[in-house]
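Presented below is the structure to which this report refers.
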Amino acid sequence: MSEIAGKKTTESRHGSANLEDAPLMPTPEIQKLWNAVHAEMREEFGEAIFRSWLKPLTLRACYHGTMEVSVPTRFMRDWIQTHYAERISTMCTEKSADIKRVQIVVVQNAIIDDTPEVQASESAANAEKKDEELKKAIAEISSPLDPRFTFDSFVVGKPNALAHAAARRVVESANVPFNPLFLYGGVGLGKTHLMHAIAHAMNESFPEKTVMYLSAEKFMYQFVKALRANDTMAFKEQFRSVDVLMIDDIQFIAGKESTQEEFFHTFNALVDQNKQIIISADRAPSDLNGIDERLRSRLAWGLVADIHPSTYELRLGILQSKREKLGADVPDSVLEFLALKVTSNIRELEGALNRIVAHADVSKQEITLESTQDVLQDLLRAHDRRITIDEIQRKVAEHYNLRLSDMHSARRARNVARPRQVAMYLSKILTARSLPEIGRKFGGRDHTTVMHAIRKVEELMGDDAQIAQDVEVVRRALTG
Ligand code: ADP
Ligand code: MG
C-alpha cells in the first residue's frame, strides 16, 4: 500500500491535468489520484470499514471538476454519504486544485475492483464468504423455533380461523399476499404458535428463503448491542437481507423511540423489496400506545387478523388433540370439565392438563373428575370465585382511605401510587387478566408499568412488614 501512497504524492502534486476539460473517461492521472485516495481511506478508516464500505467505491468519470464515483447499492451510497463523503471529498480536493467535488452515484453491478482478472475471482469468493457470514449472523439473531408449534398441532376454531387462514396464505402464496400480516390477541391465545408454524412451513417449502423470527425485545437488544459496538451497519444489513421477517410481541417497543425508528426503516426497506413481514401484538395497531403514529398506521397496511378469546368448543378441541399427543388416559368428562372451568387462556388450559397427567403418573392413580378437582384446587378456586379488578380496586381504595378514582388517576404521589401498585399486584395474582388488560383497567397504563408495579410490591413485601400486612389483609377480604 505504501507504494501506491508514494506514487500518489508525486503524481498528484505535479499532475497538470486540466480536469475542467477532462474527458468523461477518467484519465490515468485521475485514476492514480483515486487509487491514492483509496489507500488513504484504508489508512484512515481502518481495514474493516474500508473493506465493507469504501472498497467498492469505483471511479467512473471526471468532468467539470466533479469526480464521479459509483457504488452498487443505494443503501451503500446513503451510508457513505452520511458518514464518509465529506472526508473523501477533502481527500480528493486536497490532491488536485482542479477537483471541486465528489459525487457518489449508484451503479448496479459496479465493478468492485480496478484490476479485474485476478481479483474478480477473489471478490467472488469474498462475496460468497460474506454471504455465508450473513447467513450465520441471521441464524444467530433468530430465536429458536419450538418444534411443537406447527400447523398440524394448531387446532382451528371460530376464534382463530381468520388468523389461521391468513397464516396459511402467507405460506402457500408464491408472492407476498399482504404486507404486513399483523396478528393480535390476548396472552396465550396462540400468536407465537402460529408464527412458529409459519416459519416451520416456510423452511420446509422454501428452504432457500431466509426466515428470521424474533421477539421485539430481542430486536431491541440486538439494536442496542449494535449501537454500542458502533456496528449498526451490519445490523441493518442483516435485517434487510431476510426474505421473511417475523417480530413477536411488537408492543414491547412502545416508548422505545430509537428502536421504533430503526424498526420503521427496516420495515420500509423490506416492504420495498417485497419481502414478507409478520408481526404480532397483544392489541390492534391503533391501540398500540407509545408507538409512533406513522409506524402504527404502517402496521395496519396489510392484513390485520385478531385472535378472539377461546370458546368452549375450541378449548375442548385443543384438549382432545393434546390428550392424543400425550397418549394419556384422560376421560372425556375430565376434558369437558377443564374446558368449562379453565377459560382464561390456552397456555393455562394446557398447563392444567399437564398437571393432572403428571400427577397421575407420579401417584400411579387413574385420572378421574375427583382427582382432577383435587389436583387443580388452587387454579379452580381462582376461576370459580372470579374476583374482578373492580372489586380489587374498591377494596384497596377502602383499605387505604382513597377514592376509587385514585386507582385510575395519573397522580404519582406516593400515598396514591403505592396503593395503586398493590391493587395491580393483587389483580395479577387473583385474576387471570393479562398485564395489558390490567393496565387498561388502571387508567390505560402500559403493561410495563403493571409489570414494574408487581415487581415493586413483591420486593417491598420482602422488606416492609407494613406492606406485606396490607396486601394480606386485602387479599383475605377478597378471597373470603
Ligand atoms: P401467545 O403467543 O398468543 O401468548 P402462544 O402461541 O404461546 O400464545 O400459545 C400458548 C400455548 O397455547 C402454546 O403452548 C400453544 O401451543 C397453545 N395454543 C394456543 N392456541 C392453540 C391452538 N389453536 N391449538 C393448539 N394449541 C394452541
Ligand atoms: Mg407469544
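Chain identifiers are assigned as A, B, and so on, following the order in which chains appear in the C-alpha cells; residues are numbered from 1 within each chain, and ligands are numbered from 1 in order of appearance.
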
Neighbours of ligand 1 at 6 Å or closer, counting only C-alpha atoms and all ligand atoms: which residues, as a list in words?
Phe149, Ser153, Phe154, Val155, Val156, Val187, Gly188, Leu189, Gly190, Lys191, Thr192, His193, Ile318, Ile346 and Arg347 of chain A

May I have the residues within 12 Å of Gly351 (chain A) as a VMD selection string, using only C-alpha atoms and disregarding those fewer than 4 positions away in the same chain?
chain A and resid 188 319 322 338 342 344 to 347 355 to 358 375 to 376 379

Determine the nearest neighbour of ligand 2 from the options A:Thr27, A:Gln238, A:Asn203, A:Ser280, counting only C-alpha atoms and all ligand atoms.
A:Ser280

When you look at Thr210 (chain A) with a cut-off of 8 Å (counting only C-alpha atoms), what residues show up, excluding the ones that are within fewer than 6 positions of it in the same chain? I need them as an mmCIF file with C-alpha atoms, in the first residue's frame.
```
data_model
loop_
_atom_site.group_PDB
_atom_site.id
_atom_site.type_symbol
_atom_site.label_atom_id
_atom_site.label_comp_id
_atom_site.auth_asym_id
_atom_site.auth_seq_id
_atom_site.Cartn_x
_atom_site.Cartn_y
_atom_site.Cartn_z
ATOM 1 C CA LYS A 135 -26.493 -16.302 6.928
ATOM 2 C CA VAL A 242 -34.002 -11.649 5.058
ATOM 3 C CA ASP A 243 -36.909 -12.906 2.966
ATOM 4 C CA VAL A 244 -39.355 -13.219 5.822
#
```

From the list A:Met195, A:Met67, A:Met212, A:Ala352, which residue is nearest Lys136 (chain A) when using only C-alpha atoms?
A:Met212

Which residues, written as an MDAnalysis selection string, have at least one atom at most 12 Å from Tyr221 (chain A), with only C-alpha atoms counted and residues fewer than 4 positions away on the same chain left out?
chainID A and resid 141 214:217 225:228 235 252:253 256 258:259

Limited to C-alpha atoms, could you put the picked residues into a file as a CSV table (one decimal), in the first residue's frame?
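The file below, result28.csv, is the result:
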```csv
chain,number,residue,atom,x,y,z
A,141,ILE,CA,-30.2,-13.5,15.7
A,214,LEU,CA,-37.5,-13.0,17.0
A,215,SER,CA,-39.3,-11.1,19.7
A,216,ALA,CA,-39.5,-7.3,19.6
A,217,GLU,CA,-37.5,-7.4,22.8
A,225,LYS,CA,-25.9,-4.0,21.1
A,226,ALA,CA,-25.1,-2.9,17.6
A,227,LEU,CA,-25.2,0.8,18.7
A,228,ARG,CA,-22.8,0.1,21.5
A,235,PHE,CA,-27.3,-4.8,11.9
A,252,PHE,CA,-42.7,-4.3,23.7
A,253,ILE,CA,-41.1,-1.4,21.8
A,256,LYS,CA,-38.6,2.9,22.8
A,258,SER,CA,-34.9,4.9,18.6
A,259,THR,CA,-35.7,1.2,18.3
```

Using only C-alpha atoms, which residues sit within 12 Å of Glu437 (chain A) once same-chain residues fewer than 4 positions away are excluded, as JSON, numbers by chain?
{"A": [185, 186, 187, 282, 283, 388, 389, 424, 427, 428, 431, 432, 433, 441, 442, 443, 444, 445, 446, 447, 448, 449, 450, 451]}

Quick one: write out the picked residues with N, CA, C and O atoms as a compact mmCIF listing (two decimals), in the first residue's frame?
```txt
# COMPACT_ATOMS: atom_id res chain seq x y z
N GLY A 185 -53.93 -10.50 19.70
CA GLY A 185 -54.87 -11.14 20.61
C GLY A 185 -54.26 -11.22 21.99
O GLY A 185 -53.07 -10.95 22.17
N GLY A 186 -55.08 -11.62 22.96
CA GLY A 186 -54.63 -11.69 24.35
C GLY A 186 -53.52 -12.71 24.56
O GLY A 186 -53.16 -13.46 23.66
N VAL A 187 -53.04 -12.74 25.77
CA VAL A 187 -51.94 -13.65 26.12
C VAL A 187 -52.38 -15.11 26.02
O VAL A 187 -53.50 -15.45 26.42
N ASP A 282 -50.27 -7.71 21.35
CA ASP A 282 -51.38 -8.06 22.23
C ASP A 282 -52.61 -7.19 21.98
O ASP A 282 -53.60 -7.33 22.64
N ARG A 283 -52.50 -6.27 21.04
CA ARG A 283 -53.66 -5.45 20.71
C ARG A 283 -53.55 -4.93 19.28
O ARG A 283 -52.51 -5.09 18.64
N THR A 388 -62.96 -9.75 40.50
CA THR A 388 -62.75 -8.82 39.40
C THR A 388 -61.79 -7.71 39.81
O THR A 388 -61.59 -7.45 41.00
N ILE A 389 -61.24 -7.07 38.81
CA ILE A 389 -60.31 -5.97 39.08
C ILE A 389 -61.05 -4.82 39.77
O ILE A 389 -60.52 -4.17 40.67
N MET A 424 -52.63 -3.41 41.56
CA MET A 424 -52.19 -4.06 40.32
C MET A 424 -51.62 -5.45 40.64
O MET A 424 -51.89 -6.42 39.94
N SER A 427 -54.38 -7.76 41.37
CA SER A 427 -55.10 -8.10 40.13
C SER A 427 -54.37 -9.21 39.40
O SER A 427 -54.98 -10.09 38.80
N LYS A 428 -53.04 -9.17 39.47
CA LYS A 428 -52.27 -10.20 38.77
C LYS A 428 -52.42 -11.55 39.46
O LYS A 428 -52.61 -12.57 38.81
N THR A 431 -56.60 -12.63 39.62
CA THR A 431 -57.44 -12.78 38.43
C THR A 431 -56.58 -13.39 37.33
O THR A 431 -55.38 -13.51 37.47
N ALA A 432 -57.24 -13.74 36.25
CA ALA A 432 -56.49 -14.33 35.14
C ALA A 432 -56.22 -13.28 34.07
O ALA A 432 -55.86 -13.59 32.95
N ARG A 433 -56.37 -12.02 34.45
CA ARG A 433 -56.18 -10.94 33.47
C ARG A 433 -54.71 -10.80 33.09
O ARG A 433 -53.83 -10.96 33.93
N LYS A 441 -57.29 -1.32 32.86
CA LYS A 441 -58.23 -1.08 33.96
C LYS A 441 -57.70 -0.02 34.92
O LYS A 441 -58.45 0.49 35.76
N PHE A 442 -56.42 0.24 34.86
CA PHE A 442 -55.85 1.25 35.74
C PHE A 442 -55.53 2.52 34.96
O PHE A 442 -54.39 2.97 34.88
N GLY A 443 -56.55 3.06 34.34
CA GLY A 443 -56.40 4.33 33.64
C GLY A 443 -55.55 4.24 32.39
O GLY A 443 -54.85 5.18 32.04
N GLY A 444 -55.59 3.07 31.73
CA GLY A 444 -54.89 2.95 30.46
C GLY A 444 -53.38 2.95 30.60
O GLY A 444 -52.68 3.52 29.77
N ARG A 445 -52.89 2.33 31.64
CA ARG A 445 -51.43 2.27 31.80
C ARG A 445 -50.84 1.15 30.95
O ARG A 445 -51.52 0.18 30.60
N ASP A 446 -49.57 1.31 30.69
CA ASP A 446 -48.86 0.35 29.87
C ASP A 446 -48.59 -0.94 30.64
O ASP A 446 -48.44 -0.91 31.86
N HIS A 447 -48.47 -2.05 29.91
CA HIS A 447 -48.22 -3.32 30.61
C HIS A 447 -46.88 -3.32 31.34
O HIS A 447 -46.71 -4.00 32.34
N THR A 448 -45.93 -2.53 30.85
CA THR A 448 -44.64 -2.50 31.52
C THR A 448 -44.76 -1.81 32.89
O THR A 448 -44.05 -2.15 33.83
N THR A 449 -45.69 -0.85 32.96
CA THR A 449 -45.93 -0.19 34.24
C THR A 449 -46.50 -1.19 35.23
O THR A 449 -46.14 -1.20 36.41
N VAL A 450 -47.40 -2.02 34.73
CA VAL A 450 -48.00 -3.04 35.60
C VAL A 450 -46.93 -4.02 36.07
O VAL A 450 -46.84 -4.36 37.26
N MET A 451 -46.09 -4.41 35.12
CA MET A 451 -45.01 -5.34 35.45
C MET A 451 -44.11 -4.74 36.53
O MET A 451 -43.74 -5.40 37.51
```

Looking at A:Asp248, A:Glu29, A:Glu348, A:Glu459, which one is nearest to Ile277 (chain A), with distances taken over only C-alpha atoms?
A:Asp248

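Of the residues listed (A:Glu366, A:Glu40, A:Glu261, A:Glu140), A:Glu140 shows the shortest atom-to-atom separation from Val211 (chain A); distances use only C-alpha atoms.
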
Can you tell me, as a ChimeraX atom specification, which residues in region 60-260 of chain A count as helix (DSSP H, G or I) by DSSP?
/A:74-83,85-95,116-141,158-172,191-205,216-228,232-240,250-253,257-260

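With distances restricted to only C-alpha atoms and all ligand atoms, A:Gln251 is the closest residue to ligand 2 from A:His83, A:Gln251, A:Leu402, A:Arg298.
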
Proximity to ligand 2 - best of A:Arg74, A:His196, A:Arg240, A:Arg294, only C-alpha atoms and all ligand atoms
A:His196

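Look at Trp34 (chain A): the protein and nucleic acid residues within 9 Å of it, using only C-alpha atoms and passing over chain neighbours fewer than 5 places away, are Lys8, Glu29, Ala39, Thr58, Leu59 and Cys92 of chain A.
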
Neighbouring residues of Gln469 (chain A) were defined as those with any atom within 12 Å, considering only C-alpha atoms; residues of the same chain fewer than 6 positions away were excluded. Please report them as a PDB file with N, CA and C atoms, in the first residue's frame.
```pdb
ATOM      1  N   HIS A 399     -59.286   0.241  51.910  1.00  0.00           N
ATOM      2  CA  HIS A 399     -58.266  -0.061  52.903  1.00  0.00           C
ATOM      3  C   HIS A 399     -57.336   1.133  53.150  1.00  0.00           C
ATOM      4  N   VAL A 422     -50.254  -1.852  44.686  1.00  0.00           N
ATOM      5  CA  VAL A 422     -50.748  -3.015  45.431  1.00  0.00           C
ATOM      6  C   VAL A 422     -51.948  -3.610  44.696  1.00  0.00           C
ATOM      7  N   VAL A 457     -43.995  -4.377  44.353  1.00  0.00           N
ATOM      8  CA  VAL A 457     -44.742  -4.838  45.521  1.00  0.00           C
ATOM      9  C   VAL A 457     -44.132  -6.131  46.062  1.00  0.00           C
ATOM     10  N   LEU A 460     -41.130  -5.087  47.966  1.00  0.00           N
ATOM     11  CA  LEU A 460     -41.464  -4.403  49.224  1.00  0.00           C
ATOM     12  C   LEU A 460     -41.989  -5.376  50.273  1.00  0.00           C
ATOM     13  N   MET A 461     -42.766  -6.356  49.830  1.00  0.00           N
ATOM     14  CA  MET A 461     -43.324  -7.308  50.789  1.00  0.00           C
ATOM     15  C   MET A 461     -42.210  -8.046  51.513  1.00  0.00           C
ATOM     16  N   GLY A 462     -41.066  -8.171  50.827  1.00  0.00           N
ATOM     17  CA  GLY A 462     -39.925  -8.831  51.436  1.00  0.00           C
ATOM     18  C   GLY A 462     -39.308  -8.008  52.556  1.00  0.00           C
ATOM     19  N   ASP A 463     -39.261  -6.665  52.396  1.00  0.00           N
ATOM     20  CA  ASP A 463     -38.590  -5.904  53.448  1.00  0.00           C
ATOM     21  C   ASP A 463     -39.442  -4.846  54.144  1.00  0.00           C
ATOM     22  N   ARG A 475     -56.101  -9.121  50.516  1.00  0.00           N
ATOM     23  CA  ARG A 475     -56.257 -10.392  49.833  1.00  0.00           C
ATOM     24  C   ARG A 475     -57.295 -11.265  50.547  1.00  0.00           C
ATOM     25  N   ARG A 476     -57.205 -11.288  51.869  1.00  0.00           N
ATOM     26  CA  ARG A 476     -58.163 -12.108  52.624  1.00  0.00           C
ATOM     27  C   ARG A 476     -59.580 -11.579  52.501  1.00  0.00           C
TER      28      ARG A 476
END
```

Could you write out, as a PyMOL selection string, all the residues of region 151-320 of chain A that DSSP marks as strand (DSSP E)?
chain A and resi 181-185+211-215+244-248+276-281+303-307
